[in-house]
file work-v6.tsv (TSV, C-alpha atoms)
chain	number	residue	atom	x	y	z
Q	1	MET	CA	132.50	107.54	58.56
Q	2	SER	CA	134.65	105.77	61.14
Q	3	ILE	CA	133.29	105.13	64.62
Q	4	LYS	CA	136.76	106.17	65.80
Q	5	ASP	CA	135.70	109.76	65.19
Q	6	LEU	CA	133.76	109.49	68.45
Q	7	LYS	CA	135.55	108.08	71.51
Q	8	GLU	CA	134.37	104.76	72.95
Q	9	LEU	CA	132.47	104.71	76.24
Q	10	LYS	CA	134.04	102.46	78.88
Q	11	ILE	CA	131.96	101.42	81.88
Q	12	GLY	CA	134.18	99.04	83.82
Q	13	ASP	CA	135.09	96.23	81.43
Q	14	LEU	CA	132.23	97.10	79.07
Q	15	VAL	CA	133.16	99.07	75.96
Q	16	ALA	CA	130.49	100.72	73.82
Q	17	LYS	CA	131.93	101.63	70.41
Q	18	ILE	CA	129.57	104.60	70.22
Q	19	PRO	CA	129.09	106.55	73.50
Q	20	ILE	CA	125.32	106.75	73.14
Q	21	ILE	CA	122.94	105.16	75.64
Q	22	GLN	CA	119.32	104.83	74.54
Q	23	GLY	CA	117.29	106.00	77.52
Q	24	GLY	CA	114.85	103.58	79.13
Q	25	MET	CA	111.26	104.56	78.30
Q	26	GLY	CA	108.22	103.10	80.01
Q	27	VAL	CA	105.62	101.90	79.80
Q	28	GLY	CA	106.62	99.50	77.01
Q	29	ILE	CA	108.27	102.08	74.75
Q	30	SER	CA	111.79	100.63	74.97
Q	31	LEU	CA	111.73	96.85	75.21
Q	32	SER	CA	113.87	94.18	73.54
Q	33	GLY	CA	113.17	95.45	70.00
Q	34	LEU	CA	114.59	98.92	70.42
Q	35	ALA	CA	117.27	98.00	72.97
Q	36	SER	CA	118.76	95.20	70.82
Q	37	SER	CA	118.80	97.43	67.72
Q	38	VAL	CA	120.74	100.18	69.51
Q	39	ALA	CA	123.15	97.61	70.98
Q	40	ASN	CA	123.72	96.16	67.49
Q	41	GLU	CA	124.81	99.59	66.25
Q	42	GLY	CA	127.48	99.90	68.95
Q	43	GLY	CA	125.52	101.91	71.50
Q	44	ILE	CA	123.93	100.75	74.76
Q	45	GLY	CA	120.32	99.59	74.47
Q	46	VAL	CA	118.06	99.90	77.50
Q	47	ILE	CA	114.86	98.06	78.43
Q	48	ALA	CA	112.45	100.00	80.68
Q	49	THR	CA	111.06	97.88	83.52
Q	50	ALA	CA	108.13	100.12	84.57
Q	51	GLY	CA	104.92	98.23	83.76
Q	52	ILE	CA	106.89	95.74	81.67
Q	53	GLY	CA	104.34	92.99	82.34
Q	54	MET	CA	101.60	94.93	80.54
Q	55	ARG	CA	101.21	92.21	77.89
Q	56	GLU	CA	100.96	89.36	80.39
Q	57	PRO	CA	97.42	87.92	80.75
Q	58	ASP	CA	97.60	88.09	84.57
Q	59	PHE	CA	99.08	91.61	84.75
Q	60	TYR	CA	96.03	92.96	86.54
Q	61	LYS	CA	95.67	90.13	89.06
Q	62	LYS	CA	99.31	89.15	89.63
Q	63	PHE	CA	101.22	92.40	89.06
Q	64	LEU	CA	104.53	91.34	90.67
Q	65	GLU	CA	104.73	87.90	89.06
Q	66	ALA	CA	103.72	89.21	85.63
Q	67	ASN	CA	106.44	91.88	85.70
Q	68	ILE	CA	109.17	89.46	86.79
Q	69	ARG	CA	108.20	87.01	84.04
Q	70	ALA	CA	108.06	89.73	81.39
Q	71	LEU	CA	111.43	91.21	82.38
Q	72	LYS	CA	113.09	87.80	82.07
Q	73	GLU	CA	111.51	87.30	78.66
Q	74	GLU	CA	112.53	90.74	77.37
Q	75	ILE	CA	116.14	90.37	78.52
Q	76	GLN	CA	116.37	86.91	76.97
Q	77	LYS	CA	114.76	88.14	73.75
Q	78	ALA	CA	117.18	91.07	73.55
Q	79	ARG	CA	120.12	88.71	74.10
Q	80	GLU	CA	118.94	86.52	71.22
Q	81	LEU	CA	118.79	89.59	68.97
Q	82	SER	CA	122.07	91.23	70.00
Q	83	GLN	CA	125.57	90.49	71.25
Q	84	GLY	CA	125.95	94.16	72.23
Q	85	ILE	CA	125.65	95.94	75.57
Q	86	LEU	CA	122.21	95.85	77.16
Q	87	GLY	CA	120.85	97.59	80.21
Q	88	VAL	CA	117.61	97.99	82.14
Q	89	ASN	CA	116.12	101.16	83.61
Q	90	ILE	CA	114.54	100.61	87.04
Q	91	MET	CA	112.77	103.45	88.82
Q	92	VAL	CA	113.55	103.59	92.54
Q	93	ALA	CA	109.94	104.68	93.12
Q	94	LEU	CA	108.58	101.37	91.78
Q	95	SER	CA	106.83	99.24	94.39
Q	96	ASN	CA	108.56	96.23	92.80
Q	97	PHE	CA	112.02	97.89	92.60
Q	98	ALA	CA	113.77	95.10	94.53
Q	99	ASP	CA	112.16	92.34	92.43
Q	100	MET	CA	113.15	94.08	89.20
Q	101	VAL	CA	116.75	94.56	90.39
Q	102	LYS	CA	117.11	90.94	91.57
Q	103	THR	CA	115.62	89.62	88.32
Q	104	ALA	CA	117.89	91.76	86.14
Q	105	ILE	CA	120.98	90.61	88.06
Q	106	GLU	CA	119.88	86.96	87.85
Q	107	GLU	CA	119.52	87.38	84.10
Q	108	LYS	CA	123.07	88.82	84.00
Q	109	ILE	CA	122.04	92.14	82.46
Q	110	ASP	CA	125.09	94.28	81.67
Q	111	ILE	CA	123.94	97.50	83.37
Q	112	ILE	CA	121.21	98.67	85.74
Q	113	PHE	CA	120.29	102.34	85.41
Q	114	ALA	CA	118.36	103.50	88.49
Q	115	GLY	CA	116.65	106.87	88.91
Q	116	ALA	CA	113.36	108.49	90.00
Q	117	GLY	CA	114.68	108.56	93.56
Q	118	LEU	CA	118.08	107.88	95.11
Q	119	PRO	CA	119.09	104.19	94.77
Q	120	LEU	CA	120.92	104.24	98.11
Q	121	ASN	CA	120.92	100.47	98.65
Q	122	LEU	CA	121.33	99.22	95.08
Q	123	PRO	CA	124.70	97.41	95.59
Q	124	LYS	CA	123.21	95.15	98.29
Q	125	TYR	CA	121.51	93.09	95.57
Q	126	LEU	CA	124.78	92.10	93.89
Q	127	ASN	CA	126.25	88.66	94.44
Q	128	ALA	CA	129.94	87.83	94.68
Q	129	ASP	CA	129.97	86.70	91.04
Q	130	SER	CA	127.71	89.47	89.64
Q	131	LYS	CA	129.01	91.23	86.52
Q	132	THR	CA	126.14	93.74	86.33
Q	133	LYS	CA	127.26	97.39	86.43
Q	134	LEU	CA	125.33	99.86	88.59
Q	135	VAL	CA	124.63	103.35	87.25
Q	136	PRO	CA	122.52	105.83	89.23
Q	137	ILE	CA	120.62	108.61	87.45
Q	138	VAL	CA	120.95	111.95	89.27
Q	139	SER	CA	120.03	115.59	88.78
Q	140	SER	CA	122.78	117.21	90.87
Q	141	GLY	CA	126.36	116.86	92.05
Q	142	ARG	CA	125.05	116.61	95.60
Q	143	ALA	CA	122.92	113.56	94.76
Q	144	ALA	CA	125.90	111.91	93.04
Q	145	ARG	CA	128.03	112.55	96.14
Q	146	ILE	CA	125.41	111.24	98.59
Q	147	ILE	CA	124.94	108.01	96.62
Q	148	SER	CA	128.69	107.46	96.21
Q	149	GLU	CA	129.44	108.06	99.89
Q	150	ARG	CA	126.63	105.75	100.97
Q	151	TRP	CA	127.60	102.98	98.55
Q	152	PHE	CA	131.26	103.06	99.56
Q	153	LYS	CA	130.57	103.19	103.29
Q	154	GLN	CA	127.88	100.48	103.28
Q	155	TYR	CA	129.04	98.20	100.45
Q	156	ASN	CA	132.61	99.19	99.55
Q	157	TYR	CA	131.29	99.91	96.06
Q	158	LEU	CA	131.29	103.01	93.86
Q	159	PRO	CA	129.02	103.75	90.88
Q	160	ASP	CA	130.33	102.32	87.61
Q	161	ALA	CA	129.10	105.49	85.88
Q	162	ILE	CA	126.69	108.35	86.61
Q	163	VAL	CA	123.87	109.55	84.35
Q	164	VAL	CA	123.12	113.25	84.87
Q	165	GLU	CA	119.61	114.03	83.66
Q	166	GLY	CA	118.73	117.66	83.06
Q	167	PRO	CA	115.30	119.34	83.08
Q	168	LYS	CA	114.68	119.05	79.32
Q	169	ALA	CA	114.09	115.29	79.52
Q	170	GLY	CA	110.81	113.58	78.76
Q	171	GLY	CA	108.71	111.77	81.33
Q	172	HIS	CA	109.16	112.23	85.05
Q	173	LEU	CA	111.67	114.89	86.05
Q	174	GLY	CA	113.85	115.02	89.14
Q	175	PHE	CA	113.26	118.73	89.59
Q	176	LYS	CA	110.73	120.98	91.27
Q	177	THR	CA	108.42	122.69	88.78
Q	178	GLU	CA	110.04	126.09	89.36
Q	179	GLN	CA	113.51	124.66	88.66
Q	180	ILE	CA	112.68	123.30	85.21
Q	181	ASN	CA	113.19	126.61	83.38
Q	182	ASP	CA	115.66	128.07	85.88
Q	183	PRO	CA	119.03	128.77	84.14
Q	184	ALA	CA	120.83	127.53	87.27
Q	185	TYR	CA	119.63	123.97	86.59
Q	186	THR	CA	120.51	123.55	82.91
Q	187	LEU	CA	122.35	120.38	81.90
Q	188	GLU	CA	125.26	122.60	80.83
Q	189	LYS	CA	125.58	123.70	84.48
Q	190	LEU	CA	124.92	120.25	85.98
Q	191	ILE	CA	127.57	118.31	84.03
Q	192	PRO	CA	130.65	120.24	85.29
Q	193	ASP	CA	129.20	120.12	88.84
Q	194	VAL	CA	128.86	116.32	88.79
Q	195	VAL	CA	132.21	115.86	86.99
Q	196	MET	CA	133.90	117.86	89.77
Q	197	GLU	CA	132.17	115.90	92.55
Q	198	MET	CA	132.99	112.50	91.04
Q	199	HIS	CA	136.58	113.46	90.24
Q	200	LYS	CA	137.24	113.46	94.02
Q	201	PHE	CA	136.07	109.85	94.25
Q	202	GLU	CA	138.05	108.85	91.14
Q	203	GLU	CA	141.25	110.36	92.57
Q	204	LYS	CA	140.78	108.89	96.05
Q	205	HIS	CA	139.74	105.39	95.00
Q	206	LYS	CA	141.60	105.12	91.68
Q	207	LYS	CA	138.46	104.20	89.79
Q	208	SER	CA	137.13	105.68	86.54
Q	209	ILE	CA	133.51	106.87	86.88
Q	210	PRO	CA	132.32	108.17	83.49
Q	211	ILE	CA	129.65	110.87	83.48
Q	212	ILE	CA	126.75	110.54	81.00
Q	213	ALA	CA	124.78	113.63	79.90
Q	214	ALA	CA	121.01	113.19	79.51
Q	215	GLY	CA	117.89	115.29	79.04
Q	216	GLY	CA	117.51	117.33	75.87
Q	217	VAL	CA	120.43	115.74	73.98
Q	218	TYR	CA	119.22	115.63	70.38
Q	219	THR	CA	122.00	116.17	67.80
Q	220	GLY	CA	125.59	115.14	67.23
Q	221	GLU	CA	126.42	118.77	67.98
Q	222	ASP	CA	124.82	118.33	71.43
Q	223	ILE	CA	126.94	115.21	71.97
Q	224	HIS	CA	130.08	117.16	71.12
Q	225	LYS	CA	129.07	120.00	73.47
Q	226	PHE	CA	128.56	117.76	76.49
Q	227	ILE	CA	131.71	115.74	75.87
Q	228	THR	CA	133.58	119.06	75.77
Q	229	LEU	CA	132.03	119.86	79.18
Q	230	GLY	CA	133.48	116.66	80.65
Q	231	ALA	CA	130.91	113.96	79.86
Q	232	SER	CA	132.14	110.62	78.49
Q	233	GLY	CA	128.90	109.91	76.65
Q	234	VAL	CA	125.24	110.79	76.36
Q	235	GLN	CA	121.86	109.23	77.01
Q	236	MET	CA	119.14	109.94	74.45
Q	237	ALA	CA	115.52	108.83	74.54
Q	238	THR	CA	113.14	111.09	72.60
Q	239	ARG	CA	114.90	110.74	69.28
Q	240	PHE	CA	114.83	106.93	69.50
Q	241	VAL	CA	111.03	106.86	69.71
Q	242	ALA	CA	110.63	107.85	66.08
Q	243	THR	CA	112.46	104.74	64.84
Q	244	ASP	CA	111.14	101.65	63.08
Q	245	GLU	CA	112.44	99.45	65.90
Q	246	CYS	CA	110.88	101.34	68.81
Q	247	ASP	CA	108.44	99.06	70.66
Q	248	ALA	CA	105.55	101.57	70.74
Q	249	ALA	CA	102.57	101.57	68.37
Q	250	ILE	CA	102.83	103.62	65.17
Q	251	GLU	CA	100.25	106.09	66.55
Q	252	PHE	CA	102.57	106.84	69.48
Q	253	LYS	CA	105.49	107.48	67.12
Q	254	GLN	CA	103.29	109.63	64.88
Q	255	ALA	CA	102.41	111.80	67.88
Q	256	TYR	CA	106.13	112.62	68.06
Q	257	VAL	CA	106.31	113.44	64.36
Q	258	ASP	CA	103.19	115.66	64.57
Q	259	ALA	CA	104.18	117.51	67.76
Q	260	GLY	CA	104.90	121.22	67.47
Q	261	LYS	CA	106.93	123.28	69.93
Q	262	ASP	CA	103.78	124.49	71.70
Q	263	ASP	CA	102.43	120.95	72.09
Q	264	VAL	CA	104.94	120.01	74.80
Q	265	MET	CA	103.87	120.75	78.36
Q	266	ILE	CA	104.70	120.04	81.99
Q	267	ILE	CA	102.05	117.99	83.76
Q	268	LYS	CA	101.53	117.15	87.41
Q	269	SER	CA	101.92	113.37	87.57
Q	270	PRO	CA	100.07	111.18	90.09
Q	271	VAL	CA	103.49	109.92	91.24
Q	272	GLY	CA	104.22	113.31	92.79
Q	273	MET	CA	106.76	114.52	90.24
Q	274	PRO	CA	106.38	116.94	87.34
Q	275	GLY	CA	106.50	115.27	83.92
Q	276	ARG	CA	106.93	116.45	80.33
Q	277	ALA	CA	104.34	115.20	77.84
Q	278	ILE	CA	102.70	115.96	74.50
Q	279	LYS	CA	99.48	117.89	75.02
Q	280	ASN	CA	96.30	116.11	73.90
Q	281	ASN	CA	92.58	115.82	74.71
Q	282	PHE	CA	93.20	113.33	77.52
Q	283	ILE	CA	95.46	115.82	79.34
Q	284	ASN	CA	93.01	118.65	78.61
Q	285	ASP	CA	90.19	116.61	80.20
Q	286	ILE	CA	92.33	115.97	83.29
Q	287	ASN	CA	93.03	119.70	83.63
Q	288	LEU	CA	89.31	120.42	83.28
Q	289	GLY	CA	88.50	117.94	86.03
Q	290	LYS	CA	86.68	115.52	83.73
Q	291	LYS	CA	88.64	112.42	84.79
Q	292	LYS	CA	88.06	110.55	88.02
Q	293	GLN	CA	90.03	107.56	89.30
Q	294	ILE	CA	87.93	105.20	91.42
Q	295	ALA	CA	90.44	102.48	92.30
Q	296	CYS	CA	94.15	101.60	92.15
Q	297	PRO	CA	94.60	98.53	89.95
Q	298	TYR	CA	98.35	98.05	90.48
Q	299	HIS	CA	99.92	100.14	93.27
Q	300	CYS	CA	103.00	100.27	91.07
Q	301	ILE	CA	104.54	103.53	92.34
Q	302	LEU	CA	105.26	104.05	96.04
Q	303	THR	CA	104.65	107.80	95.85
Q	304	CYS	CA	101.32	107.61	94.01
Q	305	ASP	CA	98.24	108.47	96.09
Q	306	TYR	CA	95.38	107.17	93.96
Q	307	THR	CA	92.78	108.69	96.30
Q	308	LYS	CA	93.92	112.14	95.20
Q	309	SER	CA	94.63	111.32	91.56
Q	310	PRO	CA	92.17	111.82	88.69
Q	311	TYR	CA	93.63	108.92	86.68
Q	312	CYS	CA	95.93	105.88	86.78
Q	313	ILE	CA	99.18	106.83	85.10
Q	314	VAL	CA	100.09	103.22	84.25
Q	315	LEU	CA	96.77	102.67	82.45
Q	316	ALA	CA	97.24	105.97	80.61
Q	317	LEU	CA	100.75	105.02	79.50
Q	318	ILE	CA	99.72	101.48	78.51
Q	319	ASN	CA	96.93	102.94	76.36
Q	320	ALA	CA	99.40	105.35	74.77
Q	321	GLN	CA	101.92	102.58	74.05
Q	322	LYS	CA	99.18	100.67	72.24
Q	323	GLY	CA	98.24	103.75	70.23
Q	324	ARG	CA	95.04	104.52	72.14
Q	325	LEU	CA	95.89	108.16	72.75
Q	326	LYS	CA	92.27	109.09	73.43
Q	327	ASN	CA	92.73	107.26	76.73
Q	328	GLY	CA	96.32	108.19	77.45
Q	329	PHE	CA	99.23	110.46	76.54
Q	330	ALA	CA	102.83	110.33	75.36
Q	331	PHE	CA	105.72	111.47	77.50
Q	332	ALA	CA	108.38	113.28	75.42
Q	333	GLY	CA	111.45	115.46	75.78
Q	334	GLU	CA	111.53	119.18	75.05
Q	335	THR	CA	113.15	118.58	71.64
Q	336	VAL	CA	110.32	116.38	70.28
Q	337	HIS	CA	109.15	119.12	67.89
Q	338	LYS	CA	112.36	118.65	65.88
Q	339	ILE	CA	111.35	115.14	64.81
Q	340	LYS	CA	109.96	115.08	61.27
Q	341	GLU	CA	110.04	111.41	60.24
Q	342	ILE	CA	110.31	107.83	61.45
Q	343	ILE	CA	113.63	106.24	60.47
Q	344	SER	CA	115.67	103.14	61.32
Q	345	VAL	CA	117.99	103.02	64.33
Q	346	LYS	CA	120.88	102.46	61.93
Q	347	LYS	CA	120.07	105.65	60.00
Q	348	LEU	CA	119.68	107.60	63.25
Q	349	MET	CA	123.07	106.47	64.57
Q	350	THR	CA	124.72	107.29	61.24
Q	351	THR	CA	123.11	110.74	61.27
Q	352	LEU	CA	124.31	111.43	64.82
Q	353	LEU	CA	127.88	110.45	63.90
Q	354	LYS	CA	127.81	112.75	60.87
Q	355	GLU	CA	126.44	115.59	62.99
Q	356	TYR	CA	129.14	115.00	65.57
Q	357	LYS	CA	131.91	115.04	62.96
Q	358	LYS	CA	130.51	118.29	61.53
Q	359	ALA	CA	130.51	119.85	65.02
Q	360	VAL	CA	134.13	118.79	65.59
Q	361	ASN	CA	135.22	120.33	62.29

call {"tool": "encode", "arguments": {"input": "work-v6.tsv", "output": "structure tokens"}}
result
Amino acid sequence: MSIKDLKELKIGDLVAKIPIIQGGMGVGISLSGLASSVANEGGIGVIATAGIGMREPDFYKKFLEANIRALKEEIQKARELSQGILGVNIMVALSNFADMVKTAIEEKIDIIFAGAGLPLNLPKYLNADSKTKLVPIVSSGRAARIISERWFKQYNYLPDAIVVEGPKAGGHLGFKTEQINDPAYTLEKLIPDVVMEMHKFEEKHKKSIPIIAAGGVYTGEDIHKFITLGASGVQMATRFVATDECDAAIEFKQAYVDAGKDDVMIIKSPVGMPGRAIKNNFINDINLGKKKQIACPYHCILTCDYTKSPYCIVLALINAQKGRLKNGFAFAGETVHKIKEIISVKKLMTTLLKEYKKAVN
């Protein structure tokens, strides 16, 4: 199977042999282990920055410093393990967004993916000699247009690519609850909308801005479908969790393998956005009013009002990452029920290429 069967993804001067971006998954699900493995297979590996300092001994007392230190270490570790393309995912809603962006640029990360809010000022952190590419994550053509207009007007800069994330994604969603199952907001509808919006900027400014489809992309057939709709590549997260190299505990991965179609649900997250997760006793207890948050240990998300929240989402996600699912839960995409085994990243990439070739033929 030749990688030439699937067109390369070009983001500026970066060329990914396989147009698959592994989505950034926090807290601690996609770190240097998973990201470097995907990069080694010709895709783009992504480290999630949310709560990245969770393993640091002073994480509780010195939240900002611990996260900066951990991000540097993870980027350096990933670089030691791979010569491929590496990115970081930084949520705009993070209270330490600016610190994470500055650190990633200092460490010369290849790409910053920024979502969970509009990254309207992201280019201001670049230096004259910065090589880091900037890629916003949006959920509409309008958002892509607003960001592009702002960036060009303020910084004479346009996005190097755009990730369009649909409502079937795992984790926090950029949609209102009533939009999640609305046919008007499917990824199949969003991709052509964003492609059309960005084409205007490409024509006017003579710059290529590839569109990346994300949220519910699971098979090589899905990849083929979205490329046919105008995308230049895809971002996938859920399917990469059930790999040997994923940085989560085996219990977290097993939750993916064991999940049935009815086990996936939309939850109301303390950060003020709906989220998609695998149903478990922890979530059931929250819904029954059995959990009560008494303090905010981190103030990690700007939009989180801990006084009205029954639990700390970072603590819940850290527990889940470590396999303590009695005290946390696993975010997952809508397609998680299709996962039946834990395999290597290499086997997954090979499978996706075979599926893609089958779809083409």

call {"tool": "atom_distance", "arguments": {"input": "work-v6.tsv", "atom1": "atom CA of Gly24 of chain Q", "atom2": "atom CA of Ser208 of chain Q"}}
result
23.6 Å

call {"tool": "residues_near_point", "arguments": {"input": "work-v6.tsv", "point": "(129.7, 103.2, 70.2)", "cutoff": "7 Å", "atoms": "only C-alpha atoms", "output": "compact mmCIF listing (two decimals) with C-alpha atoms, in the frame of the given file"}}
result
# COMPACT_ATOMS: atom_id res chain seq x y z
CA ILE Q 3 133.29 105.13 64.62
CA GLU Q 8 134.37 104.76 72.95
CA LEU Q 9 132.47 104.71 76.24
CA ALA Q 16 130.49 100.72 73.82
CA LYS Q 17 131.93 101.63 70.41
CA ILE Q 18 129.57 104.60 70.22
CA PRO Q 19 129.09 106.55 73.50
CA ILE Q 20 125.32 106.75 73.14
CA GLY Q 42 127.48 99.90 68.95
CA GLY Q 43 125.52 101.91 71.50

call {"tool": "closest_residue", "arguments": {"input": "work-v6.tsv", "among": "Q:Thr186, Q:Ala66, Q:Lys358, Q:Gly275", "to": "His224 of chain Q", "atoms": "all atoms listed in the file"}}
result
Q:Lys358

call {"tool": "atom_distance", "arguments": {"input": "work-v6.tsv", "atom1": "atom CA of Ala98 of chain Q", "atom2": "atom CA of Ser148 of chain Q"}}
result
19.4 Å

call {"tool": "closest_residue", "arguments": {"input": "work-v6.tsv", "among": "Q:Val164, Q:Met25, Q:Met91, Q:Ile227", "to": "Val360 of chain Q", "atoms": "all atoms listed in the file"}}
result
Q:Ile227

call {"tool": "closest_atom_pairs", "arguments": {"input": "work-v6.tsv", "of": "segment 242-321 of chain Q", "to": "segment 327-335 of chain Q", "cutoff": "12 Å", "atoms": "all atoms listed in the file", "output": "CSV"}}
result
residue,atom,partner,partner_atom,distance
Q:Ala242,CA,Q:Ala332,CA,11.0
Q:Ala248,CA,Q:Ala330,CA,10.3
Q:Ala249,CA,Q:Ala330,CA,11.2
Q:Glu251,CA,Q:Ala330,CA,10.1
Q:Phe252,CA,Q:Ala330,CA,6.8
Q:Lys253,CA,Q:Ala330,CA,9.1
Q:Gln254,CA,Q:Ala330,CA,10.5
Q:Ala255,CA,Q:Ala330,CA,7.6
Q:Tyr256,CA,Q:Ala332,CA,7.7
Q:Val257,CA,Q:Thr335,CA,11.2
Q:Ala259,CA,Q:Ala332,CA,9.7
Q:Gly260,CA,Q:Thr335,CA,9.6
Q:Lys261,CA,Q:Thr335,CA,8.0
Q:Asp262,CA,Q:Glu334,CA,10.0
Q:Asp263,CA,Q:Glu334,CA,9.7
Q:Val264,CA,Q:Glu334,CA,6.6
Q:Met265,CA,Q:Glu334,CA,8.5
Q:Ile266,CA,Q:Phe331,CA,9.7
Q:Ile267,CA,Q:Phe331,CA,9.8
Q:Ser269,CA,Q:Phe331,CA,10.9
Q:Pro274,CA,Q:Phe331,CA,11.3
Q:Gly275,CA,Q:Phe331,CA,7.5
Q:Arg276,CA,Q:Phe331,CA,5.9
Q:Ala277,CA,Q:Phe331,CA,4.0
Q:Ile278,CA,Q:Ala330,CA,5.7
Q:Lys279,CA,Q:Phe329,CA,7.6
Q:Asn280,CA,Q:Phe329,CA,6.9
Q:Asn281,CA,Q:Phe329,CA,8.7
Q:Phe282,CA,Q:Gly328,CA,6.0
Q:Ile283,CA,Q:Phe329,CA,7.1
Q:Asn284,CA,Q:Phe329,CA,10.5
Q:Asp285,CA,Q:Asn327,CA,10.3
Q:Ile286,CA,Q:Gly328,CA,10.5
Q:Lys291,CA,Q:Asn327,CA,10.4
Q:Tyr311,CA,Q:Gly328,CA,9.6
Q:Cys312,CA,Q:Gly328,CA,9.6
Q:Ile313,CA,Q:Gly328,CA,8.3
Q:Val314,CA,Q:Gly328,CA,9.2
Q:Leu315,CA,Q:Gly328,CA,7.5
Q:Ala316,CA,Q:Gly328,CA,4.0
Q:Leu317,CA,Q:Gly328,CA,5.8
Q:Ile318,CA,Q:Gly328,CA,7.6
Q:Asn319,CA,Q:Gly328,CA,5.4
Q:Ala320,CA,Q:Gly328,CA,5.0
Q:Gln321,CA,Q:Ala330,CA,7.9

call {"tool": "decode", "arguments": {"input": "work-v6.tsv", "residues": "segment 44-59 of chain Q", "atoms": "C-alpha atoms", "output": "mmCIF file, in the first residue's frame"}}
result
data_model
loop_
_atom_site.group_PDB
_atom_site.id
_atom_site.type_symbol
_atom_site.label_atom_id
_atom_site.label_comp_id
_atom_site.auth_asym_id
_atom_site.auth_seq_id
_atom_site.Cartn_x
_atom_site.Cartn_y
_atom_site.Cartn_z
ATOM 1 C CA ILE Q 44 0.586 15.010 12.501
ATOM 2 C CA GLY Q 45 0.849 14.192 16.212
ATOM 3 C CA VAL Q 46 -0.695 16.579 18.711
ATOM 4 C CA ILE Q 47 0.028 17.135 22.414
ATOM 5 C CA ALA Q 48 -2.906 18.468 24.475
ATOM 6 C CA THR Q 49 -1.906 21.281 26.830
ATOM 7 C CA ALA Q 50 -4.975 21.292 29.119
ATOM 8 C CA GLY Q 51 -3.814 20.183 32.568
ATOM 9 C CA ILE Q 52 -0.509 19.015 31.099
ATOM 10 C CA GLY Q 53 1.297 19.619 34.407
ATOM 11 C CA MET Q 54 -0.806 16.979 36.177
ATOM 12 C CA ARG Q 55 2.263 14.821 36.920
ATOM 13 C CA GLU Q 56 4.311 17.682 38.347
ATOM 14 C CA PRO Q 57 4.706 17.548 42.167
ATOM 15 C CA ASP Q 58 3.725 21.229 42.524
ATOM 16 C CA PHE Q 59 0.739 21.089 40.142
#
